[in-house]
Structures are given as C-alpha cells and as structure tokens.
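Reviewing the structure listed below.
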Amino acid sequence: MRPLTRDETEVFFQKLAKYIGRNIAHLIDRADETYCFRLHKDRVYYVSESLMRRATSVGRDQLMSVGVCFGKFTKSGKFKLHITALDYLAQYAKFKLWIKPNGEMQFLYGNHVAKAHIGRISEDVPEHQGIVMFSMADVPLGFGVTARSTVDIRKLQSTDIVAFHQADVGEYLREQDTLF
Amino acid sequence: MDVSAQLETQSSKYKPITVEKPISLEFDLGLLAGYDTNTLDDQKLKSKNIDEYLKEYTRDGAQLLINELFKLPVSVEDAGVFAQLPDVTTVLPREKPIPKAKPLTRWEKFAKVKGIQKRKKDKLIYDDEKGEWVPRWGYKGSNDDGANDWLIPVSNNDDPYEDLFAKRREGKKQRIEKNNSRHQRNLEEAATQQNKNTTTNPRIVATPNQRSVRKAELNKQVAISKLATASIGKFDKPLEGEPKMKGVKRKFEPTIADFKKEKESNLSILKRVVGQGSKSDGGILNAIANTKNNK
C-alpha cells in the first residue's frame with residue numbers, strides 16, 4: 001500500500017473527472033474525516049485515515065482489500081473504474097441518465113442503453129461524456145459513456161444506442177472474484 | 001581321455017591372440033590408442049573384398065591393444081577388475097593460441113625493476129586482541145581500521161573537537177577513490193599500449209577495449225546531462241525509445257505522512273486536470289481566479 005505518484009494521480013483524476021468533474025475535491029477534502037487514495041496491487045482504494053493506519057499493520061501479501069476499491073491501473077498505465085466506485089460516482093455525478101423499468105435488466109446484463117429505455121436524461125450532455133445510470137426510483141445502476149449529445153438524441157430512432165455500457169451492478173455477481 | 005580333438009576344434013573356432021606385424025605398434029594406453037605405421041596392402045585394397053580385409057586388419061590392431069591392456073597392473077574391486085591406465089604420452093595441440101601477456105600495471109613494472117617478488121600470504125591471521133583467527137581482509141577482516149570501535153582515544157596531536165569517526169570514514173573513502181583512479185589509469189595505459197602494438201597508424205585507433213571505455217564515458221555524460229535541467233530532469237518529456245536510466249530507483253511517498261500536504265498536492269493536480277479536461281470547467285476556474293484577482 002502506498003500513495004499514488006504524481007503521474008498516477010493525474011491519470012486517475014482524468015478518468016474520474018469524466019464522471020464527477022470538479023466534485024473530486026469533495027472526495028479529497030471531507031469535513032467528517034480525512035480520506036485518501038492508496039494504491040495496493042495496482043488497485044486504487046479510497047480509505048479513511050484511521051482505517052488506513054490500521055491496515056498498515058497487515059502485510060502486503062496478506063492484505064486483500066482496504067476501504068472502497070475505485071478501480072485499477074492496467075499494465076499499460078491506463079485506469080479502469082470499477083463498479084465499486086458507483087456509490088461516490090452517483091453521489092457527485094455531473095450528468096445522469098434514468099432508465100425505464102423495462103430497460104433495467106437489459107442494462108444490468110451488460111448491454112448498452114437504447115433510446116427506447118431512457119426515462120430521463122440531464123440537459124446539455126455532450127457526446128462521449130461519462131454518465132451515471134439510475135433506475136426510475138433513483139437507485140444507481142452503473143455508469144457509461146454517452147454515444148450522442150442530448151440534442152442529437154432527439155433525432156435518433158428508438159433502437160439506437162444512446163449510452164455505452166461500462167459497468168453495472170450486475171458485475172457484483174458476474175465478476176465477484178476480480179472486482180475488489 | 002584325449003582332449004586334444006576338443007582343443008583343436010576350440011582353437012579353430014577362435015583366432016590366436018598373437019598377431020605378427022613387420023613393424024611393432026606404438027601405444028598410448030592413457031588414451032586407449034595404438035599407432036600402426038605399417039603400410040596397407042595395395043592389392044587387397046583394390047580387390048573386391050576390401051571390407052573383409054579392413055575388418056581383419058582392424059581386428060588385429062584391436063587384439064594388439066587388448067594384449068597390451070592385459071599387461072597393465074590390475075586392481076580387483078567390488079565392481080570388477082580394473083586396469084590402471086598410465087598417463088597420456090601423446091601431446092595434443094592446444095585449440096586456442098597462447099594468450100598474450102597482459103600489459104603490466106605501474107606497480108608490476110616497479111616491482112619488476114626492484115626485483116620484488118609476490119609472496120603468498122595466509123588468508124587468516126591471528127588477532128591478538130580477540131584471541132582468534134580472522135580473515136586478513138573483507139568481512140570481519142583485520143584491516144577494517146577499527147570501523148567498529150566504540151571509542152577512539154584523542155591523542156595530544158589531535159584536534160579535540162574533531163569527529164574522529166568521520167575522519168576515519170572520510171579517510172577510507174578517499175583511499176578507495178584513489179585506488180579506483182589508479183586502476184582507471186592502469187586500464188587507460190594498457191589500452192594505449194595495446195593500440196601501439198596493433199596499429200602503426202595512430203589515427204586508426206578503435207580497439208574494442210578503448211571503444212567500450214569511450215562508450216561508458218559517453219553514457220555517463222548523457223546521464224549527467226539529463227539531470228542538468230531546472231527540475232533535475234523530473235519534468236522532462238522522455239524521448240521515444242529512450243532506454244531507462246540504470247541505477248535510478250523509484251521513490252514513493254511514505255504511506256503515512258503529512259495528510260495536509262497530500263491533500264494539497266492532490267487538489268493542485270485536480271485543478272490542472274479539470275482545467276485542461278473540459279472547457280466549461282476550465283472557464284469556471286478561470287472566472288474564480290479573475291474574481292479573486294479583482295478583489
């Protein structure tokens with residue numbers, strides 16, 4: 001376990017900023033307790049200071065996971081967000097998309113979001129922007145990237161893809177061995 | 001009972017162990033080899049049953065060799081009877097040429113002039129203080145200059161406020177450095193010496209030895225020049241395909257350190273990332289900066 005280097009932080013924040021933009025500051029600078037990002041076995045964990053201090057007494061080989069796993073660095077140095085980060089992404093999301101009940105299962109099995117399944121969507125979402133998906137009951141389901149801007153979506157047919165799937169809560173079941 | 005008939009049939013079945021040759025063979029039993037200098041029969045070599053002849057000839061040679069083996073002293077052991085082979089007498093030519101004499105170092109030259117001989121020294125010497133045998137040098141060696149001393153008495157000549165421990169350490173460091181520089185000088189002199197011997201033209205000088213020395217020197221200078229920027233090479237963009245610098249270790253911040261500092265550095269990175277990331281956010285940040293300036 002170690003803090004991220006400058007370059008790693010930059011790559012990580014660039015990815016995170018696609019979803020929550022400047023709200024990352026709320027993650028770093030919290031009123032309740034000091035939180036920090038820590039790297040362990042290529043994974044980035046969001047940990048409170050007190051938990052992190054206790055975790056330092058666990059050996060590197062023995063430590064499986066600590067705090068909330070935000071994602072991992074690939075071998076080529078890119079950052080991949082995991083569904084486990086959804087709690088924080090949903091809380092601070094800049095752009096949101098609500099999925100109709102009949103599209104929920106489609107999305108939860110890893111499919112992209114079609115226009116027919118959109119319940120609501122934030123105003124002025126640009127193209128290729130990170131977006132967080134919710135059910136109509138405001139339960140976060142996952143996140144992805146918009147395929148078209150909000151303006152362009154109006155012109156689309158109902159079967160066309162509106163947002164690309166990146167992660168969904170179904171992964172808690174499908175990828176439970178590699179997720180945390 | 002007459003066994004002569006039986007003996008007759010037995011002996012006719014096998015050939016006699018004695019072989020007649022005009023010139024007797026030379027043997028090198030250490031190599032299990034015999035050298036036959038007799039000439040082969042020309043007619044038989046050209047005849048049809050040449051194979052038969054050669055087989056016969058080989059058998060005779062082998063018989064003679066085996067006869068010779070049975071004359072050797074023999075020892076009986078559990079695994080069987082063993083003959084003791086004598087030393088090899090045949091002189092084999094060596095594969096590689098004899099190595100050239102290495103150019104002498106300065107000390108070797110001096111020792112040669114003065115007639116100083118190298119004496120073999122014992123690896124262990126007796127330490128009176130410890131009362132045990134210790135290595136002459138190296139780990140736990142006797143020549144550590146009292147590096148593990150817990151106390152150094154200050155003599156009248158010493159400055160009482162000087163750190164004698166540091167002085168010793170410094171002294172050792174300097175001696176090592178001096179030795180290294182002498183070693184380097186010896187290498188350079190040897191290289192130039194070799195050049196003189198191999199090429200008559202002083203302008204064509206590129207023996208592998210000197211080339212490698214020059215290459216190492218260049219690499220060293222490149223490494224130094226990389227660090228010769230305002231940020232000590234930290235923020236320089238690495239060239240494509242540039243090899244990694246050797247001996248540079250990655251250094252990470254400690255896991256538990258100043259959290260305030262970490263937070264601030266994270267926020268500064270965030271400011272840069274968001275500023276360059278999306279235009280709208282950058283605009284907001286700039287607007288904030290402007291209002292602050294106006295105040």
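Residue names in the structure tokens use chain letters A, B, ... in the order shown, residue numbers from 1 in each chain, and ligand numbers from 1 in the order shown.
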Check: Which neighbours of range 145-159 of chain A fall inside 7 Å, counting only C-alpha atoms, when residues of the same chain fewer than 4 positions from it are skipped, and could you give them as an MDAnalysis selection string?
Finding: chainID A and resid 114:116 123:131 163:165
Using only C-alpha atoms, which residues of chain B come within 7 Å of chain A, and what is the closest atom pair for each, with the distance in Å to one decimal? Give it as a tab-separated table, sorted by chain and residue number.
residue	atom	partner	partner_atom	distance
B:Phe252	CA	A:Thr5	CA	6.9
B:Glu253	CA	A:Pro3	CA	6.3
B:Pro254	CA	A:Arg2	CA	6.7
B:Thr255	CA	A:Arg2	CA	4.8
B:Lys263	CA	A:Ile28	CA	6.4
B:Leu267	CA	A:Ala25	CA	6.7
B:Ile269	CA	A:Glu10	CA	6.4
B:Leu270	CA	A:Phe13	CA	6.6
B:Val273	CA	A:Gln14	CA	6.0
B:Val274	CA	A:Arg22	CA	6.5
Inset, instruction - Find the residues around range 67-80 of chain B up to 12 Å (only C-alpha atoms counted), leave out those fewer than 6 positions away in its own chain, and share them as an NGL selection string. - result: :B and (16-19 or 24-34 or 60-61 or 86)
Could the residues in this selection be saved with N, CA and C atoms as a short mmCIF file (atom, residue, chain, number, x, y, z; two decimals), in the first residue's frame?
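result-v1.cif written:
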data_model
loop_
_atom_site.label_atom_id
_atom_site.label_comp_id
_atom_site.auth_asym_id
_atom_site.auth_seq_id
_atom_site.Cartn_x
_atom_site.Cartn_y
_atom_site.Cartn_z
N PRO B 16 44.10 -66.93 -32.97
CA PRO B 16 45.10 -66.81 -31.91
C PRO B 16 45.24 -65.36 -31.46
N ILE B 17 45.67 -65.19 -30.22
CA ILE B 17 45.78 -63.82 -29.70
C ILE B 17 47.08 -63.15 -30.12
N THR B 18 47.97 -63.93 -30.66
CA THR B 18 49.23 -63.32 -31.12
C THR B 18 49.06 -62.84 -32.54
N VAL B 19 49.54 -61.62 -32.80
CA VAL B 19 49.46 -61.03 -34.14
C VAL B 19 50.86 -60.67 -34.57
N SER B 24 56.38 -53.19 -35.12
CA SER B 24 55.50 -53.27 -33.94
C SER B 24 54.82 -51.90 -33.71
N LEU B 25 53.63 -51.98 -33.07
CA LEU B 25 52.82 -50.78 -32.89
C LEU B 25 53.32 -49.94 -31.71
N GLU B 26 53.01 -48.62 -31.79
CA GLU B 26 53.27 -47.74 -30.63
C GLU B 26 51.95 -47.53 -29.91
N PHE B 27 52.00 -47.57 -28.59
CA PHE B 27 50.76 -47.45 -27.83
C PHE B 27 50.79 -46.24 -26.93
N ASP B 28 49.63 -45.61 -26.83
CA ASP B 28 49.42 -44.62 -25.77
C ASP B 28 48.22 -45.09 -24.99
N LEU B 29 48.50 -45.91 -23.95
CA LEU B 29 47.39 -46.58 -23.27
C LEU B 29 46.52 -45.62 -22.47
N GLY B 30 47.09 -44.46 -22.11
CA GLY B 30 46.28 -43.47 -21.39
C GLY B 30 45.10 -43.01 -22.23
N LEU B 31 45.28 -42.97 -23.55
CA LEU B 31 44.19 -42.60 -24.46
C LEU B 31 43.53 -43.84 -25.07
N LEU B 32 43.97 -45.05 -24.65
CA LEU B 32 43.50 -46.31 -25.25
C LEU B 32 43.74 -46.28 -26.76
N ALA B 33 44.92 -45.83 -27.16
CA ALA B 33 45.19 -45.68 -28.59
C ALA B 33 46.46 -46.45 -28.97
N GLY B 34 46.47 -47.01 -30.19
CA GLY B 34 47.66 -47.64 -30.74
C GLY B 34 47.93 -47.05 -32.11
N ASP B 60 43.07 -57.16 -35.89
CA ASP B 60 44.45 -57.38 -35.46
C ASP B 60 44.94 -56.24 -34.56
N GLY B 61 44.62 -55.03 -35.00
CA GLY B 61 45.04 -53.86 -34.21
C GLY B 61 44.42 -53.89 -32.82
N PRO B 86 48.16 -45.82 -17.67
CA PRO B 86 49.26 -44.87 -17.44
C PRO B 86 48.88 -43.48 -17.91
#
Residue with the minimum atom-to-atom distance to Gly110 in chain A, picked from A:Ala167, A:Ile83, A:Ile20, A:Leu141 with only C-alpha atoms counted, is A:Ala167
- request: Write down as a VMD selection string the residues of chain A whose backbone DSSP state falls under helix (DSSP H, G or I).
  value: chain A and resid 6 to 28 49 to 55 83 to 92 101 to 108 115 to 117 150 to 153 171 to 174
Taken to one decimal, the CA of Asp160 in chain A-CA of His112 in chain A distance is 9.6 Å
Exercise for the section: Excluding Val66 in chain A and residues on its chain fewer than 5 positions from it, collect all residues at most 9 Å away from it, counting only C-alpha atoms, and give them as a list in words. Expected result: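 Here the answer would be His40, Tyr45, Tyr46, Val47, Leu51, Met52, Ala55 and Phe180 of chain A.
These are the residues of range 105-150 of chain A assigned strand (DSSP E or B) by DSSP from backbone coordinates: Val113, Ala114, Ile118, Gly119, Arg120, Ile121, Gly130, Ile131, Val132, Met133, Phe134, Ser135, Pro140, Leu141, Gly142, Phe143, Gly144, Val145 and Thr146 of chain A.
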Suppose you want the space between CA of Gly71 in chain A and CA of Arg43 in chain A; what is it in Å?
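A separation of 5.8 Å between them.
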Skip range 113-130 of chain B itself and residues of its chain fewer than 6 positions away, then list as a count of residues only all residues within 9 Å of it, counting only C-alpha atoms. 4
Task: Computed interatomic separation between CA of Phe73 in chain A and CA of Asp42 in chain A (Å) - done: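 A separation of 5.4 Å between them.
Closest to Ala93 in chain A among A:Met133, A:Val139, A:Ala31, A:Val44 is A:Met133, based on only C-alpha atoms.
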Nearest residue to Glu171 in chain A from the set A:Gln62, A:Ser76, A:Ser50, A:Thr84 (distances using only C-alpha atoms):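 Residue with the minimum atom-to-atom distance to Glu171 in chain A: A:Thr84.
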### Task
Tell me which protein, DNA and RNA residues are within 12 Å of Leu187 in chain B, counting only C-alpha atoms, leaving out same-chain ones fewer than 3 positions away, and put them as an MDAnalysis selection string.
chainID B and resid 102:106 180:184 190:194 209:210 212:213
Selection from above, N, CA and C atoms, as a PDB file, in the first residue's frame, can you write it?
ATOM      1  N   LYS B 102      49.573  -9.897 -20.475  1.00  0.00           N
ATOM      2  CA  LYS B 102      48.819  -8.686 -20.155  1.00  0.00           C
ATOM      3  C   LYS B 102      49.792  -7.546 -19.945  1.00  0.00           C
ATOM      4  N   PRO B 103      49.413  -6.336 -20.365  1.00  0.00           N
ATOM      5  CA  PRO B 103      50.302  -5.210 -20.067  1.00  0.00           C
ATOM      6  C   PRO B 103      50.444  -5.028 -18.550  1.00  0.00           C
ATOM      7  N   LEU B 104      51.650  -4.711 -18.120  1.00  0.00           N
ATOM      8  CA  LEU B 104      51.900  -4.609 -16.684  1.00  0.00           C
ATOM      9  C   LEU B 104      51.305  -3.333 -16.121  1.00  0.00           C
ATOM     10  N   THR B 105      50.880  -3.412 -14.892  1.00  0.00           N
ATOM     11  CA  THR B 105      50.425  -2.204 -14.212  1.00  0.00           C
ATOM     12  C   THR B 105      51.658  -1.450 -13.731  1.00  0.00           C
ATOM     13  N   ARG B 106      51.420  -0.246 -13.253  1.00  0.00           N
ATOM     14  CA  ARG B 106      52.561   0.571 -12.797  1.00  0.00           C
ATOM     15  C   ARG B 106      53.307  -0.133 -11.667  1.00  0.00           C
ATOM     16  N   ASN B 180      40.739   3.516  -6.992  1.00  0.00           N
ATOM     17  CA  ASN B 180      39.942   3.420  -8.216  1.00  0.00           C
ATOM     18  C   ASN B 180      40.544   4.241  -9.338  1.00  0.00           C
ATOM     19  N   SER B 181      41.006   5.442  -8.991  1.00  0.00           N
ATOM     20  CA  SER B 181      41.560   6.299 -10.042  1.00  0.00           C
ATOM     21  C   SER B 181      42.847   5.689 -10.590  1.00  0.00           C
ATOM     22  N   ARG B 182      43.633   5.062  -9.700  1.00  0.00           N
ATOM     23  CA  ARG B 182      44.858   4.402 -10.153  1.00  0.00           C
ATOM     24  C   ARG B 182      44.519   3.234 -11.094  1.00  0.00           C
ATOM     25  N   HIS B 183      43.466   2.504 -10.701  1.00  0.00           N
ATOM     26  CA  HIS B 183      43.026   1.360 -11.514  1.00  0.00           C
ATOM     27  C   HIS B 183      42.630   1.828 -12.908  1.00  0.00           C
ATOM     28  N   GLN B 184      41.868   2.952 -12.933  1.00  0.00           N
ATOM     29  CA  GLN B 184      41.425   3.518 -14.197  1.00  0.00           C
ATOM     30  C   GLN B 184      42.629   3.916 -15.046  1.00  0.00           C
ATOM     31  N   ALA B 190      47.067   0.650 -20.406  1.00  0.00           N
ATOM     32  CA  ALA B 190      47.104  -0.646 -21.073  1.00  0.00           C
ATOM     33  C   ALA B 190      46.466  -0.561 -22.445  1.00  0.00           C
ATOM     34  N   ALA B 191      45.350   0.201 -22.537  1.00  0.00           N
ATOM     35  CA  ALA B 191      44.639   0.335 -23.810  1.00  0.00           C
ATOM     36  C   ALA B 191      45.520   1.026 -24.841  1.00  0.00           C
ATOM     37  N   THR B 192      46.183   2.119 -24.428  1.00  0.00           N
ATOM     38  CA  THR B 192      47.037   2.832 -25.378  1.00  0.00           C
ATOM     39  C   THR B 192      48.216   1.961 -25.789  1.00  0.00           C
ATOM     40  N   GLN B 193      48.717   1.197 -24.831  1.00  0.00           N
ATOM     41  CA  GLN B 193      49.838   0.296 -25.120  1.00  0.00           C
ATOM     42  C   GLN B 193      49.426  -0.699 -26.196  1.00  0.00           C
ATOM     43  N   GLN B 194      48.216  -1.253 -26.023  1.00  0.00           N
ATOM     44  CA  GLN B 194      47.715  -2.244 -26.988  1.00  0.00           C
ATOM     45  C   GLN B 194      47.578  -1.619 -28.363  1.00  0.00           C
ATOM     46  N   ASN B 209      38.626  -2.434 -26.601  1.00  0.00           N
ATOM     47  CA  ASN B 209      38.813  -2.002 -25.223  1.00  0.00           C
ATOM     48  C   ASN B 209      38.568  -0.507 -25.083  1.00  0.00           C
ATOM     49  N   GLN B 210      39.232   0.259 -25.974  1.00  0.00           N
ATOM     50  CA  GLN B 210      39.110   1.697 -25.851  1.00  0.00           C
ATOM     51  C   GLN B 210      37.715   2.162 -26.251  1.00  0.00           C
ATOM     52  N   SER B 212      34.929   0.600 -25.774  1.00  0.00           N
ATOM     53  CA  SER B 212      33.996   0.390 -24.678  1.00  0.00           C
ATOM     54  C   SER B 212      34.218   1.424 -23.582  1.00  0.00           C
ATOM     55  N   VAL B 213      35.487   1.771 -23.385  1.00  0.00           N
ATOM     56  CA  VAL B 213      35.780   2.804 -22.377  1.00  0.00           C
ATOM     57  C   VAL B 213      35.128   4.119 -22.779  1.00  0.00           C
TER      58      VAL B 213
END
